[in-house]
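Text of the file start_33.pdb, holding PDB, C-alpha atoms:
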MODEL        1
ATOM      1  CA  MET O 257      93.136  90.569  85.197
ATOM      2  CA  LEU O 258      95.953  92.859  86.286
ATOM      3  CA  GLU O 259      95.116  96.570  86.271
ATOM      4  CA  PHE O 260      97.356  99.485  85.346
ATOM      5  CA  LEU O 261      98.004 101.418  88.523
ATOM      6  CA  SER O 262      97.493 104.752  86.746
ATOM      7  CA  LYS O 263      93.834 103.815  86.267
ATOM      8  CA  MET O 264      93.475 102.911  89.953
ATOM      9  CA  TYR O 265      95.016 106.222  91.000
ATOM     10  CA  VAL O 266      92.344 108.379  89.365
ATOM     11  CA  PRO O 267      89.523 107.758  91.872
ATOM     12  CA  ALA O 268      91.968 107.519  94.803
ATOM     13  CA  ASN O 269      93.423 110.941  94.028
ATOM     14  CA  ARG O 270      89.979 112.431  93.459
ATOM     15  CA  ASP O 271      88.203 110.908  96.451
ATOM     16  CA  LYS O 272      91.121 111.066  98.914
ATOM     17  CA  TYR O 273      91.764 107.472  99.828
ATOM     18  CA  ALA O 274      94.964 105.442  99.550
ATOM     19  CA  ILE O 275      95.606 102.110  97.899
ATOM     20  CA  GLY O 276      97.672  99.741  99.993
ATOM     21  CA  GLN O 277     100.855  98.290  98.572
ATOM     22  CA  PHE O 278     101.702  94.965 100.170
ATOM     23  CA  ASN O 279     105.019  93.301  99.420
ATOM     24  CA  ILE O 280     105.128  89.654  98.435
ATOM     25  CA  SER O 281     107.812  87.094  97.768
ATOM     26  CA  ASN O 282     105.870  83.835  97.896
ATOM     27  CA  LEU O 283     102.495  82.217  97.212
ATOM     28  CA  GLU O 284     101.084  82.630 100.719
ATOM     29  CA  PHE O 285     101.622  86.387 100.924
ATOM     30  CA  ALA O 286     100.051  86.861  97.488
ATOM     31  CA  GLN O 287      97.050  84.725  98.468
ATOM     32  CA  ALA O 288      96.663  86.634 101.734
ATOM     33  CA  ALA O 289      96.699  90.007  99.984
ATOM     34  CA  VAL O 290      94.178  89.048  97.314
ATOM     35  CA  ALA O 291      91.878  87.435  99.884
ATOM     36  CA  ALA O 292      92.007  90.569 102.051
ATOM     37  CA  ALA O 293      91.264  92.825  99.087
ATOM     38  CA  THR O 294      88.411  90.616  97.925
ATOM     39  CA  GLU O 295      86.798  90.474 101.370
ATOM     40  CA  SER O 296      87.256  94.242 101.761
ATOM     41  CA  LYS O 297      86.111  95.037  98.200
ATOM     42  CA  ALA O 298      89.241  97.138  97.792
ATOM     43  CA  PRO O 299      91.779  97.798  95.034
ATOM     44  CA  ILE O 300      95.224  96.535  95.959
ATOM     45  CA  ILE O 301      98.856  96.641  94.871
ATOM     46  CA  LEU O 302     101.076  93.578  95.112
ATOM     47  CA  ALA O 303     104.729  94.602  95.070
ATOM     48  CA  ALA O 304     107.960  92.750  94.485
ATOM     49  CA  SER O 305     111.284  94.246  95.514
ATOM     50  CA  SER O 306     114.588  93.502  93.833
ATOM     51  CA  SER O 307     115.407  90.971  96.542
ATOM     52  CA  ALA O 308     111.977  89.319  96.224
ATOM     53  CA  ILE O 309     112.521  88.896  92.496
ATOM     54  CA  LYS O 310     115.946  87.404  93.174
ATOM     55  CA  TYR O 311     114.460  85.055  95.790
ATOM     56  CA  ALA O 312     111.404  83.791  93.907
ATOM     57  CA  GLY O 313     112.189  84.495  90.235
ATOM     58  CA  ILE O 314     110.405  87.073  88.118
ATOM     59  CA  GLU O 315     108.543  84.534  85.963
ATOM     60  CA  GLN O 316     107.310  82.654  89.014
ATOM     61  CA  LEU O 317     106.125  85.791  90.833
ATOM     62  CA  VAL O 318     104.318  87.113  87.768
ATOM     63  CA  ALA O 319     102.668  83.716  87.214
ATOM     64  CA  ILE O 320     101.428  83.591  90.816
ATOM     65  CA  VAL O 321     100.025  87.110  90.707
ATOM     66  CA  LYS O 322      98.436  86.731  87.263
ATOM     67  CA  SER O 323      96.764  83.452  88.234
ATOM     68  CA  LEU O 324      95.198  85.146  91.258
ATOM     69  CA  ALA O 325      94.336  88.365  89.424
ATOM     70  CA  ASP O 326      92.619  86.524  86.571
ATOM     71  CA  LYS O 327      90.014  85.191  89.010
ATOM     72  CA  ALA O 328      89.801  88.250  91.258
ATOM     73  CA  THR O 329      86.785  90.535  91.497
ATOM     74  CA  VAL O 330      88.847  93.557  92.604
ATOM     75  CA  PRO O 331      91.506  95.630  90.770
ATOM     76  CA  ILE O 332      95.037  94.321  91.334
ATOM     77  CA  ALA O 333      98.259  95.979  90.224
ATOM     78  CA  LEU O 334     101.703  94.364  90.159
ATOM     79  CA  HIS O 335     104.418  96.845  91.102
ATOM     80  CA  LEU O 336     108.224  96.850  91.163
ATOM     81  CA  ASP O 337     109.265  98.279  94.530
ATOM     82  CA  HIS O 338     112.512 100.273  94.655
ATOM     83  CA  GLY O 339     113.680  99.363  91.166
ATOM     84  CA  ALA O 340     117.452  99.451  91.154
ATOM     85  CA  ASP O 341     118.063 100.703  87.621
ATOM     86  CA  ILE O 342     116.637 101.234  84.146
ATOM     87  CA  LYS O 343     117.447  97.665  83.096
ATOM     88  CA  GLN O 344     115.402  96.152  85.916
ATOM     89  CA  ALA O 345     112.461  98.456  85.246
ATOM     90  CA  ALA O 346     112.509  97.422  81.583
ATOM     91  CA  GLU O 347     112.626  93.741  82.552
ATOM     92  CA  CYS O 348     109.561  94.132  84.773
ATOM     93  CA  VAL O 349     107.650  95.980  82.028
ATOM     94  CA  LYS O 350     108.536  93.150  79.652
ATOM     95  CA  HIS O 351     107.225  90.504  82.064
ATOM     96  CA  GLY O 352     103.857  92.157  82.690
ATOM     97  CA  PHE O 353     104.223  94.422  85.709
ATOM     98  CA  THR O 354     101.634  97.194  85.548
ATOM     99  CA  SER O 355     103.667  99.673  87.583
ATOM    100  CA  VAL O 356     107.368 100.175  88.268
ATOM    101  CA  MET O 357     109.318 102.282  90.703
ATOM    102  CA  ILE O 358     112.696 103.668  89.808
ATOM    103  CA  ASP O 359     114.604 104.705  92.911
ATOM    104  CA  ALA O 360     117.453 107.026  91.979
ATOM    105  CA  SER O 361     117.017 109.063  95.156
ATOM    106  CA  ASP O 362     120.635 108.393  96.114
ATOM    107  CA  LYS O 363     121.758 110.363  93.049
ATOM    108  CA  LEU O 364     122.082 114.102  92.608
ATOM    109  CA  LEU O 365     118.865 115.807  91.488
ATOM    110  CA  GLU O 366     119.889 116.185  87.843
ATOM    111  CA  GLU O 367     120.856 112.523  87.578
ATOM    112  CA  ASN O 368     117.670 111.408  89.341
ATOM    113  CA  ILE O 369     115.660 113.435  86.813
ATOM    114  CA  ARG O 370     117.560 111.955  83.858
ATOM    115  CA  ILE O 371     117.169 108.343  84.985
ATOM    116  CA  THR O 372     113.516 108.761  85.929
ATOM    117  CA  ARG O 373     112.695 110.470  82.622
ATOM    118  CA  GLU O 374     114.214 107.521  80.745
ATOM    119  CA  VAL O 375     112.178 104.991  82.714
ATOM    120  CA  VAL O 376     109.004 107.029  82.132
ATOM    121  CA  ALA O 377     109.664 107.008  78.374
ATOM    122  CA  LEU O 378     110.079 103.234  78.176
ATOM    123  CA  ALA O 379     107.266 102.366  80.615
ATOM    124  CA  HIS O 380     104.627 104.686  79.186
ATOM    125  CA  THR O 381     104.907 103.057  75.757
ATOM    126  CA  SER O 382     103.328  99.995  77.401
ATOM    127  CA  GLY O 383     100.889 101.945  79.588
ATOM    128  CA  VAL O 384     102.883 101.107  82.702
ATOM    129  CA  THR O 385     102.784 103.552  85.636
ATOM    130  CA  VAL O 386     106.029 105.001  86.989
ATOM    131  CA  GLU O 387     106.755 105.918  90.596
ATOM    132  CA  ALA O 388     109.905 107.817  91.499
ATOM    133  CA  GLU O 389     111.455 108.936  94.762
ATOM    134  CA  LEU O 390     112.816 112.298  95.840
ATOM    135  CA  GLY O 391     114.447 112.696  99.231
ATOM    136  CA  ARG O 392     115.919 109.821 101.260
ATOM    137  CA  LEU O 393     114.265 107.627 103.883
ATOM    138  CA  GLY O 394     116.447 106.155 106.581
ATOM    139  CA  GLY O 395     116.281 102.566 107.784
ATOM    140  CA  ILE O 396     116.915  99.022 106.587
ATOM    141  CA  GLU O 397     114.676  96.815 104.461
ATOM    142  CA  ASP O 398     115.755  94.087 102.032
ATOM    143  CA  ASP O 399     118.660  95.501 100.007
ATOM    144  CA  LEU O 400     118.077  99.069 101.250
ATOM    145  CA  ASN O 401     120.286 100.396 104.016
ATOM    146  CA  VAL O 402     120.230 104.170 104.482
ATOM    147  CA  ALA O 403     121.970 105.616 107.537
ATOM    148  CA  ILE O 404     120.155 108.368 109.417
ATOM    149  CA  LYS O 405     122.937 110.803 108.516
ATOM    150  CA  ASP O 406     122.178 110.220 104.814
ATOM    151  CA  ALA O 407     118.394 110.615 105.125
ATOM    152  CA  HIS O 408     116.752 113.913 104.204
ATOM    153  CA  LEU O 409     113.226 115.184 103.636
ATOM    154  CA  THR O 410     111.784 115.964 100.228
ATOM    155  CA  ASP O 411     112.041 119.618  99.224
ATOM    156  CA  PRO O 412     108.678 120.896  97.859
ATOM    157  CA  ALA O 413     110.263 123.167  95.240
ATOM    158  CA  GLU O 414     112.500 120.366  93.989
ATOM    159  CA  ALA O 415     109.476 118.044  93.900
ATOM    160  CA  GLU O 416     107.608 120.466  91.647
ATOM    161  CA  ARG O 417     110.518 120.674  89.228
ATOM    162  CA  PHE O 418     111.127 116.911  89.386
ATOM    163  CA  VAL O 419     107.547 115.974  88.494
ATOM    164  CA  HIS O 420     107.392 118.584  85.713
ATOM    165  CA  GLU O 421     110.631 117.427  84.085
ATOM    166  CA  THR O 422     110.220 113.655  84.484
ATOM    167  CA  GLY O 423     106.505 113.111  83.865
ATOM    168  CA  CYS O 424     106.354 110.472  86.620
ATOM    169  CA  ASP O 425     102.885 109.299  87.668
ATOM    170  CA  ALA O 426     103.475 109.111  91.416
ATOM    171  CA  LEU O 427     106.089 110.472  93.791
ATOM    172  CA  ALA O 428     107.457 108.767  96.881
ATOM    173  CA  VAL O 429     108.258 111.447  99.437
ATOM    174  CA  ALA O 430     110.538 111.462 102.463
ATOM    175  CA  VAL O 431     108.544 113.067 105.289
ATOM    176  CA  GLY O 432     109.896 111.373 108.396
ATOM    177  CA  THR O 433     109.045 107.691 107.958
ATOM    178  CA  SER O 434     111.714 105.001 107.815
ATOM    179  CA  HIS O 435     112.109 101.516 106.347
ATOM    180  CA  GLY O 436     112.134  98.475 108.595
ATOM    181  CA  ALA O 437     110.968  97.871 112.165
ATOM    182  CA  TYR O 438     113.124 100.439 113.943
ATOM    183  CA  LYS O 439     111.522 103.684 112.781
ATOM    184  CA  PHE O 440     111.115 105.810 115.883
ATOM    185  CA  LYS O 441     112.485 105.947 119.410
ATOM    186  CA  GLY O 442     109.165 107.284 120.680
ATOM    187  CA  LYS O 443     106.085 109.003 119.268
ATOM    188  CA  PRO O 444     106.293 109.252 115.461
ATOM    189  CA  ILE O 445     107.092 112.686 114.054
ATOM    190  CA  ILE O 446     105.805 113.075 110.496
ATOM    191  CA  ALA O 447     106.122 116.301 108.490
ATOM    192  CA  PHE O 448     102.438 116.575 107.556
ATOM    193  CA  ASP O 449     102.834 120.207 106.530
ATOM    194  CA  ARG O 450     105.424 119.099 103.984
ATOM    195  CA  ILE O 451     103.032 116.496 102.547
ATOM    196  CA  ALA O 452     100.419 119.210 102.092
ATOM    197  CA  GLU O 453     102.872 121.610 100.432
ATOM    198  CA  ILE O 454     104.234 118.993  98.037
ATOM    199  CA  LYS O 455     100.738 117.880  97.074
ATOM    200  CA  LYS O 456      99.716 121.485  96.402
ATOM    201  CA  ARG O 457     102.672 121.921  94.070
ATOM    202  CA  VAL O 458     102.603 118.605  92.149
ATOM    203  CA  GLY O 459      99.003 117.363  92.242
ATOM    204  CA  ILE O 460      99.913 113.769  91.392
ATOM    205  CA  PRO O 461      99.517 110.828  93.810
ATOM    206  CA  LEU O 462     102.034 110.854  96.656
ATOM    207  CA  VAL O 463     103.440 107.645  98.104
ATOM    208  CA  LEU O 464     104.345 106.934 101.718
ATOM    209  CA  HIS O 465     107.184 104.445 102.139
ATOM    210  CA  GLY O 466     108.365 103.009 105.446
ATOM    211  CA  ALA O 467     104.789 103.121 106.677
ATOM    212  CA  SER O 468     104.325  99.991 108.777
ATOM    213  CA  SER O 469     102.857 100.389 112.248
ATOM    214  CA  VAL O 470     105.164  97.737 113.768
ATOM    215  CA  GLU O 471     102.238  96.181 115.616
ATOM    216  CA  PRO O 472     103.206  95.902 119.321
ATOM    217  CA  SER O 473     101.258  92.673 119.858
ATOM    218  CA  ALA O 474     103.156  90.952 117.039
ATOM    219  CA  VAL O 475     106.489  92.145 118.419
ATOM    220  CA  ALA O 476     105.491  90.946 121.896
ATOM    221  CA  THR O 477     104.523  87.504 120.571
ATOM    222  CA  ILE O 478     107.789  87.143 118.675
ATOM    223  CA  ASN O 479     109.793  88.039 121.783
ATOM    224  CA  ARG O 480     107.671  85.788 123.987
ATOM    225  CA  PHE O 481     108.426  82.769 121.810
ATOM    226  CA  GLY O 482     112.171  83.165 121.457
ATOM    227  CA  GLY O 483     112.602  86.169 119.163
ATOM    228  CA  LYS O 484     114.475  89.365 119.872
ATOM    229  CA  ILE O 485     113.033  92.597 118.493
ATOM    230  CA  ASP O 486     113.667  95.491 120.856
ATOM    231  CA  ASP O 487     112.580  99.141 120.765
ATOM    232  CA  ALA O 488     110.636  98.770 117.519
ATOM    233  CA  HIS O 489     108.080 101.496 116.848
ATOM    234  CA  GLY O 490     106.035 102.429 113.779
ATOM    235  CA  LEU O 491     103.225 104.685 112.634
ATOM    236  CA  GLU O 492     100.096 105.263 114.686
ATOM    237  CA  ASP O 493      96.659 104.783 113.120
ATOM    238  CA  ASP O 494      95.903 108.495 113.067
ATOM    239  CA  SER O 495      99.060 109.151 111.051
ATOM    240  CA  TYR O 496      97.728 107.063 108.164
ATOM    241  CA  LYS O 497      94.428 108.894 108.116
ATOM    242  CA  ARG O 498      96.003 112.333 108.246
ATOM    243  CA  ALA O 499      98.550 111.565 105.516
ATOM    244  CA  VAL O 500      95.811 110.244 103.236
ATOM    245  CA  SER O 501      93.661 113.329 103.860
ATOM    246  CA  LEU O 502      96.580 115.488 102.670
ATOM    247  CA  GLY O 503      97.095 113.704  99.362
ATOM    248  CA  VAL O 504      98.890 110.401  99.913
ATOM    249  CA  CYS O 505      97.299 107.896  97.492
ATOM    250  CA  LYS O 506      99.561 104.871  98.048
ATOM    251  CA  VAL O 507     100.947 103.497 101.301
ATOM    252  CA  ASN O 508     103.588 100.771 101.384
ATOM    253  CA  ILE O 509     103.333  98.006 103.993
ATOM    254  CA  ASP O 510     105.927  95.257 104.325
ATOM    255  CA  THR O 511     107.369  95.038 107.844
ATOM    256  CA  ASP O 512     103.965  94.546 109.487
ATOM    257  CA  LEU O 513     103.269  91.537 107.269
ATOM    258  CA  ARG O 514     106.594  89.956 108.155
ATOM    259  CA  LEU O 515     106.009  90.537 111.851
ATOM    260  CA  VAL O 516     102.546  88.948 112.042
ATOM    261  CA  TRP O 517     103.771  86.058 109.862
ATOM    262  CA  THR O 518     106.753  85.435 112.129
ATOM    263  CA  ALA O 519     104.729  85.852 115.319
ATOM    264  CA  THR O 520     102.174  83.287 114.156
ATOM    265  CA  LEU O 521     104.803  80.760 113.105
ATOM    266  CA  ARG O 522     106.836  81.108 116.299
ATOM    267  CA  LYS O 523     103.749  80.593 118.447
ATOM    268  CA  LEU O 524     102.549  77.592 116.434
ATOM    269  CA  LEU O 525     105.948  75.893 116.474
ATOM    270  CA  ALA O 526     106.371  76.453 120.212
ATOM    271  CA  GLU O 527     102.892  75.205 121.097
ATOM    272  CA  ASN O 528     102.854  72.298 118.618
ATOM    273  CA  PRO O 529     106.380  70.808 118.726
ATOM    274  CA  ALA O 530     105.304  67.604 116.992
ATOM    275  CA  GLU O 531     103.742  69.378 113.985
ATOM    276  CA  PHE O 532     105.654  69.080 110.710
ATOM    277  CA  ASP O 533     102.939  69.574 108.087
ATOM    278  CA  PRO O 534     103.847  72.889 106.391
ATOM    279  CA  ARG O 535     100.220  73.499 105.451
ATOM    280  CA  LYS O 536      99.196  73.529 109.115
ATOM    281  CA  LEU O 537     101.925  76.062 109.844
ATOM    282  CA  LEU O 538     101.888  78.275 106.765
ATOM    283  CA  GLY O 539      98.088  78.305 106.497
ATOM    284  CA  PRO O 540      97.473  80.074 109.824
ATOM    285  CA  ALA O 541     100.394  82.435 109.132
ATOM    286  CA  ARG O 542      98.819  83.300 105.782
ATOM    287  CA  ASP O 543      95.503  84.022 107.525
ATOM    288  CA  ALA O 544      97.239  86.322 110.009
ATOM    289  CA  VAL O 545      98.768  88.283 107.127
ATOM    290  CA  ARG O 546      95.325  88.497 105.483
ATOM    291  CA  ASP O 547      93.788  89.948 108.638
ATOM    292  CA  GLU O 548      96.582  92.496 108.985
ATOM    293  CA  ILE O 549      96.074  93.622 105.399
ATOM    294  CA  LYS O 550      92.326  93.970 105.951
ATOM    295  CA  HIS O 551      93.030  96.213 108.934
ATOM    296  CA  LYS O 552      95.360  98.398 106.874
ATOM    297  CA  ILE O 553      92.875  98.628 104.001
ATOM    298  CA  LYS O 554      90.279  99.956 106.399
ATOM    299  CA  LEU O 555      92.705 102.558 107.790
ATOM    300  CA  LEU O 556      93.595 103.763 104.295
ATOM    301  CA  GLY O 557      89.949 104.289 103.362
ATOM    302  CA  SER O 558      90.024 101.974 100.339
ATOM    303  CA  ALA O 559      87.569  99.375 101.646
ATOM    304  CA  GLY O 560      84.520  99.269  99.411
ATOM    305  CA  LYS O 561      86.280 101.255  96.632
ATOM    306  CA  ALA O 562      86.703  98.369  94.179
TER     307      ALA O 562
ENDMDL
END
Can I see the file as structure tokens?
Amino acid sequence: MLEFLSKMYVPANRDKYAIGQFNISNLEFAQAAVAAATESKAPIILAASSSAIKYAGIEQLVAIVKSLADKATVPIALHLDHGADIKQAAECVKHGFTSVMIDASDKLLEENIRITREVVALAHTSGVTVEAELGRLGGIEDDLNVAIKDAHLTDPAEAERFVHETGCDALAVAVGTSHGAYKFKGKPIIAFDRIAEIKKRVGIPLVLHGASSVEPSAVATINRFGGKIDDAHGLEDDSYKRAVSLGVCKVNIDTDLRLVWTATLRKLLAENPAEFDPRKLLGPARDAVRDEIKHKIKLLGSAGKA
């Protein structure tokens, strides 16, 4: 059965581990995530973005996740990632999501507070958790496209006011990460001191977006078999551990899953040109995504926490 994310946050916030959010838009990614969580005995969050919902259909995605969650032995939450507006958040609550994100971070502070407060009011009547965002991450992912010039870090004082006035359950903070594969030109620079200060002021679970590691081996495999992904860098393993130790309770992973999926498929197609059975192509790709998720679960400290 699907679990309300607010319930999953309690032990994570207390015991200082993070729950992984893994984005899905099809059956194979959902199966991979649930299998990884089950094998790791970890709570997990399956997330659908606005573009994923448009691609797969909200009823279909919910049906896939519910069918897997009903038989699962670990807590599973279904989360709306970067909800575009109040209407979409309400639609996801109606269809059985157990957590929604409203992203009004492109608005002025007062407007962000107003919109978030309204989503909190409608979601909490159904027990649904609300995540909001303050500050702006750069980068490109799905329908998001934020230029570096428009990105800015979360202000701790504003975060304290924002959480107090909105009543949100979790806060996505901008601390130097970026959406997509092209995060850093070199060694990642994360504002860990800012994470610590925001956590001290707000207390609630903090969320790290744009947190894929952009696995070099996956990038190399993609490029080796005809792809073109240049100068892509992500977070280092130690960055996850340090962020979690400072109060991050949820870490979003999407790009890494896409990269290992694509790397596996490119290699299989190149080495098996006569193969046309989708199960023999998508199955190994699904397993690669499962293994990547298991690795991330271990890094976040949530293995064995179910």
Residues in the PyMOL selection byres ((chain O and resi 268) around 10), expressed as a PyMOL selection string: chain O and resi 263-267+269-275+299+461+500+503-506+557-558+561
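The set of residues that the PyMOL selection byres ((chain O and resi 453) around 12) takes from this file is Thr410, Asp411, Pro412, Ala413, Glu414, Ala415, Glu416, Val429, Val431, Ala447, Phe448, Asp449, Arg450, Ile451, Ala452, Ile454, Lys455, Lys456, Arg457, Val458, Gly459, Leu462, Leu502, Gly503 and Val504 of chain O.
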d(atom CA of Leu302 of chain O, atom CA of Leu317 of chain O) in Å: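 Taking atom CA of Leu302 of chain O and atom CA of Leu317 of chain O, their separation equals 10.2 Å.
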Residues in the PyMOL selection byres ((chain O and resi 322-329) around 10), expressed as a list of chain:residue names: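 On this input, the PyMOL selection byres ((chain O and resi 322-329) around 10) captures O:Met257, O:Leu258, O:Glu259, O:Leu283, O:Ala286, O:Gln287, O:Val290, O:Ala291, O:Ala293, O:Thr294, O:Glu295, O:Lys297, O:Ala298, O:Pro299, O:Gln316, O:Leu317, O:Val318, O:Ala319, O:Ile320, O:Val321, O:Val330, O:Pro331, O:Ile332, O:Ala333, O:Leu334, O:Gly352, O:Phe353, O:Ala562.
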Write a file of the just-selected residues containing C-alpha atoms, as a compact mmCIF listing (two decimals), in the frame of the given file.
# COMPACT_ATOMS: atom_id res chain seq x y z
CA MET O 257 93.14 90.57 85.20
CA LEU O 258 95.95 92.86 86.29
CA GLU O 259 95.12 96.57 86.27
CA LEU O 283 102.50 82.22 97.21
CA ALA O 286 100.05 86.86 97.49
CA GLN O 287 97.05 84.72 98.47
CA VAL O 290 94.18 89.05 97.31
CA ALA O 291 91.88 87.44 99.88
CA ALA O 293 91.26 92.82 99.09
CA THR O 294 88.41 90.62 97.92
CA GLU O 295 86.80 90.47 101.37
CA LYS O 297 86.11 95.04 98.20
CA ALA O 298 89.24 97.14 97.79
CA PRO O 299 91.78 97.80 95.03
CA GLN O 316 107.31 82.65 89.01
CA LEU O 317 106.12 85.79 90.83
CA VAL O 318 104.32 87.11 87.77
CA ALA O 319 102.67 83.72 87.21
CA ILE O 320 101.43 83.59 90.82
CA VAL O 321 100.02 87.11 90.71
CA VAL O 330 88.85 93.56 92.60
CA PRO O 331 91.51 95.63 90.77
CA ILE O 332 95.04 94.32 91.33
CA ALA O 333 98.26 95.98 90.22
CA LEU O 334 101.70 94.36 90.16
CA GLY O 352 103.86 92.16 82.69
CA PHE O 353 104.22 94.42 85.71
CA ALA O 562 86.70 98.37 94.18
Atom-to-atom span, atom CA of Ser473 of chain O and atom CA of His338 of chain O, Å: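 Atom-to-atom, atom CA of Ser473 of chain O and atom CA of His338 of chain O are spaced 28.6 Å apart.
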Atom CA of Thr422 of chain O to atom CA of Val375 of chain O, distance in Å rounded to a single decimal: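 Computing the Euclidean distance for atom CA of Thr422 of chain O and atom CA of Val375 of chain O yields 9.1 Å.
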Given all atoms listed in the file as the counted atoms, nearest of O:Ile342, O:Ala308, O:Val386, O:Val419 to Leu365 of chain O: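 Comparing O:Ile342, O:Ala308, O:Val386, O:Val419 against Leu365 of chain O, the winner is O:Val419.
When only C-alpha atoms are used to compute distances to Ile478 of chain O, the closest of the residues O:Gln277, O:Asn528, O:Thr381, O:Thr518 turns out to be O:Thr518.
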Distance criterion (only C-alpha atoms): nearest to Glu284 of chain O out of O:Leu464, O:Leu538, O:Leu524, O:Ile553: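 For Glu284 of chain O, the nearest of the given residues is O:Leu538.
Proximity to Lys554 of chain O was assessed for O:Phe532, O:Tyr496, O:Phe481, O:Phe285 counting all atoms listed in the file; the smallest distance is recorded for O:Tyr496.
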Nearest to Ile314 of chain O by atom-to-atom distance, counting all atoms listed in the file, from O:Asp533, O:Glu367, O:Asp494, O:Glu347: O:Glu347
